[in-house]
Structures are given as C-alpha cells and as structure tokens.
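S.K.: Below is the structure I would like to discuss, written out as structure tokens.
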Amino acid sequence: MDGKAVITILLIVLASLGLTAWLGYSNLAENPKSEPSKGYADDTGAPELDEDDQRPKAVADELVHNFGSMELGDKGSYTFSIKNEGEDVLKISKGASTCKCTVSDLPSNEIPPGETAEVVLEWEPKSKSRNFSQKAKIWTNDPENRSLDFGVQGLVDDKLNRVPEGDLTAGSLQEGIGASTRLRIFSRLVDEIPEPEIIYDGETLIFEVKPLEDVDLEELDTKNGYAIFVNVAPTAPVGSNRELFSFKTKVGDEVIEEQVTVTYSRLGPIRIMPLPNTVFFEKTGLVDFKRFDAKDGKIQEVTLLIDNPPEDAKVEVTLSENELEEMKVTVEPKTDLKLKGKQAFRIVLEIPPGIPPMNHARSAAPKIVFKTTHPEVSEVILHAEVHSK
C-alpha cells in the first residue's frame, strides 16, 4: 500500500470534565443490558492474534499527547501514528465499545510491513478542567501489543477567570469606616496579563489594584493576575445598594472588558423588618416572592422602622420609583405599632391575581425607591425577586 493510511478517531468529550472516559462508554451506559468491561478486557471484534513465525509488530512513537492548555469552546486535534515494523500484515480494528470511533482510508484495516497509519484524535471540551483527559483504543493482531491506547491530556480553561465569579458583596458598612471587598482576575492560558483599567464614574467606590501575592498564585494555580480592592466610602447612601464598575485588560491578542456588581448596605437610622411570611435579605435589600401561581397573585409586606426621628418632626415616606409596573406598592404610617423613640411605616408589595407569569431573577431584580424627609436618609431602596407561573 502506497503512502500513509489514515485512521480518524472522533472523541466526543463528556460534559463533566476531570473524568477520564473511554470512547463509547456513553452508549454502554444508555443500554442497561450492557456492562462495560474493566480495561476493555472484552476484545470482541478485535483481529485474531497472529501466531505465525513471521509476525506483525505494532509500534507507536507516542501514546499520550499533552497539548498544554486550550480555551474552553475551542476544538483540538492531534495525529498519532502506528507503524508495522514486523514481517507480516498488521491488522487493526476498533474496540468493542469504541462506537464513537470512525475508520476511513484503510482498506481491510491492514497495514503492510514497513507502512504507517495515522490516528487522528479530535476533541471539543464542554466545561473547564485542570486535568482534561480522553482516550481511544485500537486493537491489533500483534501478540506483543494486543491493543494501543491513544490519549490526549491538558488544561481547559476560560480565557480570563475572576474570583468570585458573581457579584462582589461588601456587606454592612461600619459608620465612619465604610466597607471593602476584593476581586481577583487571572489567566492560566498566558504567562502574563497587563494591569486592568478600572472604569467607574461614581463617587462611592474607591479602587486599588495590586498584583496577586504568592499565596494567591498558589491557591489559584496560576502564574499571573491582579487583585482589585474595592472600598465603599463611609458616606455611601443609607439602605441596601448596588454599584457597577468595569475593568479592562488584555489576554493574548484579545482585549476583555467585564462589568462587576458591588452590593453593600448601610443601616443608619432606618431599618427594614419583614413580616413572618415575608422573605427578606437585609444585606441586599431584597424581597423574595418565591415561586407562586400567577392566577393567585402574592403579597409581601415589610415594616420600615425609623430610629430616633428628628424632634418635633414626623418623617414622611413616599414611593418615588417602581421598576416593576405590574406590582402595586403602598406605603403608609403603621399606627398599630407604637414604639417609644421610633416611627414605623407599613410597606406592601402586591402582585395582583391574574397578572401574566413573570421571571425577575435576583441578579436583575426590579428596584423600588422610597423618598424620605429624614435629614440623614433621603431615600430607601428595595429590590423584588419575582417568579410566577
């Protein structure tokens, strides 16, 4: 046979990486009557061993290829080879459970003495893994090399990582001090990234950018990165708040810009207290309606409590903004709650029965703003997470 014969092996990568899987395991798992054999001891479909005096000899210069690192979403391909250094024809075939393997351009699956066949492995990772690994098995009629297991391994990762991946939470401010939090960004695909540029047009957040320390590099298993320290000024508005900023850096030839949400709260003289049947998260000012039937509607209620209102003056609280038009919002003095040195308001959030189903997730919960006449607190902000069916 002239030239090189080609064997193409297509690897379909498991969605859960970090788990090494032979080709074809997925099909066996789908058939409850099939039991995958350990180490592929079942050689059904393998060519018969050559017991003649003149025998084939299967030789592979490389069985495992470390591709280093690749970005999640990319496709990989690598070519191995099998050479017949024996005196008889080398016969090869797919293993019994390698149903995802295709063979082409190799008449009768035979490699004459002195000839070489190519084995091409292709893979497309579906999730990140620091120890990605996939294999494919080829049977032979060589008594000394009954099978050859070809594999690839390496790192699969996003181009740029951030810890934490979601919102930054600064928690509750200490009066006169403020609060702080930290975002770490890094890339395992390149040796170095430039210091990120911070994009922010507000006055509440103050930033400091520093290279990651050795302890962070070791923890994150990376060679580069930066810590973005975010400080919330002690003069931040009272209540539960969200601020947005962006950072921009470069990974390889690509400029990456990402937006980050910072949540924090400042108690001050005003507090929100939920009723027993209302789910309220004080740190984020979030009222969670939980899931409910749209035909029934739902009501959530909280109490706005003002400590030590100004002498000889009653604080007024009014609705200023409601981003969820379908929700009815009422605010009124709570006359049935009499506490010395305090003033209370009843806030009711109602989704009327029959409103079409809606889905407002926590990360983008609609905002409800209340204006006050308190000299220290001009507004109070709530958010509503609503899921109805």
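Within each chain, counting starts at residue 1; across the structure tokens, chains are named A, B, ... in the order shown, with ligands numbered 1 upward in that order.
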If we count only C-alpha atoms, what is near A:Ser320 at a cut-off of 9 Å, once residues fewer than 2 positions away on the same chain are taken out, given as a ChimeraX atom specification?
M.R.: /A:318,322,368-371,379
S.K.: With a distance cut-off of 12 Å and only C-alpha atoms, select the neighbouring residues of A:Tyr264, excluding the residue or stretch itself and same-chain residues fewer than 4 positions from it, and output the selection as a short mmCIF file (atom, residue, chain, number, x, y, z; two decimals) with C-alpha atoms, in the first residue's frame.
M.R.:
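Contents of selection33.cif, as written:
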```cif
data_model
loop_
_atom_site.label_atom_id
_atom_site.label_comp_id
_atom_site.auth_asym_id
_atom_site.auth_seq_id
_atom_site.Cartn_x
_atom_site.Cartn_y
_atom_site.Cartn_z
CA ASP A 167 -21.40 39.84 42.43
CA LEU A 168 -19.00 41.32 44.95
CA THR A 169 -20.52 41.67 48.42
CA ALA A 170 -19.06 44.29 50.73
CA GLY A 171 -21.60 43.63 53.49
CA SER A 172 -22.70 46.24 56.01
CA LEU A 173 -20.77 49.48 56.35
CA GLN A 174 -19.22 50.48 59.64
CA GLY A 178 -17.09 52.02 55.29
CA ALA A 179 -16.63 48.51 53.91
CA SER A 180 -14.39 46.66 51.47
CA THR A 181 -14.26 43.62 49.24
CA THR A 204 -18.97 55.84 46.35
CA LEU A 205 -16.42 53.22 45.32
CA VAL A 230 -12.98 47.81 46.24
CA ASN A 231 -13.62 50.16 49.16
CA VAL A 232 -17.08 51.57 49.84
CA ALA A 233 -16.93 55.12 51.22
CA PRO A 234 -18.49 55.63 54.68
CA ALA A 236 -22.50 55.84 50.97
CA PRO A 237 -26.31 56.14 50.92
CA VAL A 238 -28.24 54.50 53.74
CA GLY A 239 -30.04 51.32 52.78
CA SER A 240 -29.20 48.38 50.52
CA ASN A 241 -27.38 49.46 47.39
CA ARG A 242 -25.71 48.24 44.20
CA GLU A 243 -22.90 49.89 42.30
CA LEU A 244 -21.48 48.94 38.90
CA PHE A 281 -32.46 39.65 52.71
CA GLU A 282 -31.23 42.66 54.67
CA LYS A 283 -27.73 42.82 53.15
CA THR A 284 -29.07 43.24 49.62
CA GLY A 285 -32.45 44.82 50.41
CA LEU A 286 -34.16 42.01 48.51
CA ILE A 381 -34.17 51.16 48.13
#
```
S.K.: Residues within 10 Å of A:Met70, please, as a compact mmCIF listing (two decimals) with C-alpha atoms, in the first residue's frame. Count only C-alpha atoms; anything in the same chain fewer than 6 positions from it doesn't count.
M.R.:
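Saved file result_35.txt follows:
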```
# COMPACT_ATOMS: atom_id res chain seq x y z
CA GLY A 76 -8.43 20.27 19.47
CA PRO A 125 -14.34 20.28 25.76
CA LYS A 128 -13.34 23.68 32.36
CA GLY A 154 -4.06 19.07 29.26
CA LEU A 155 -5.69 22.15 30.76
CA VAL A 156 -9.04 23.50 29.56
CA ASP A 157 -9.96 26.92 30.93
CA ASP A 158 -11.67 30.24 30.26
CA LYS A 159 -9.51 32.92 28.71
CA ARG A 188 -3.95 30.26 33.08
CA LEU A 189 -3.63 30.39 29.28
```
S.K.: Would you mind telling me which residue in A:Leu121, A:Ala365, A:Leu220, A:Ala60 lies nearest to A:Val287 when using only C-alpha atoms?
M.R.: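 For A:Val287, the nearest of the given residues is A:Ala365.
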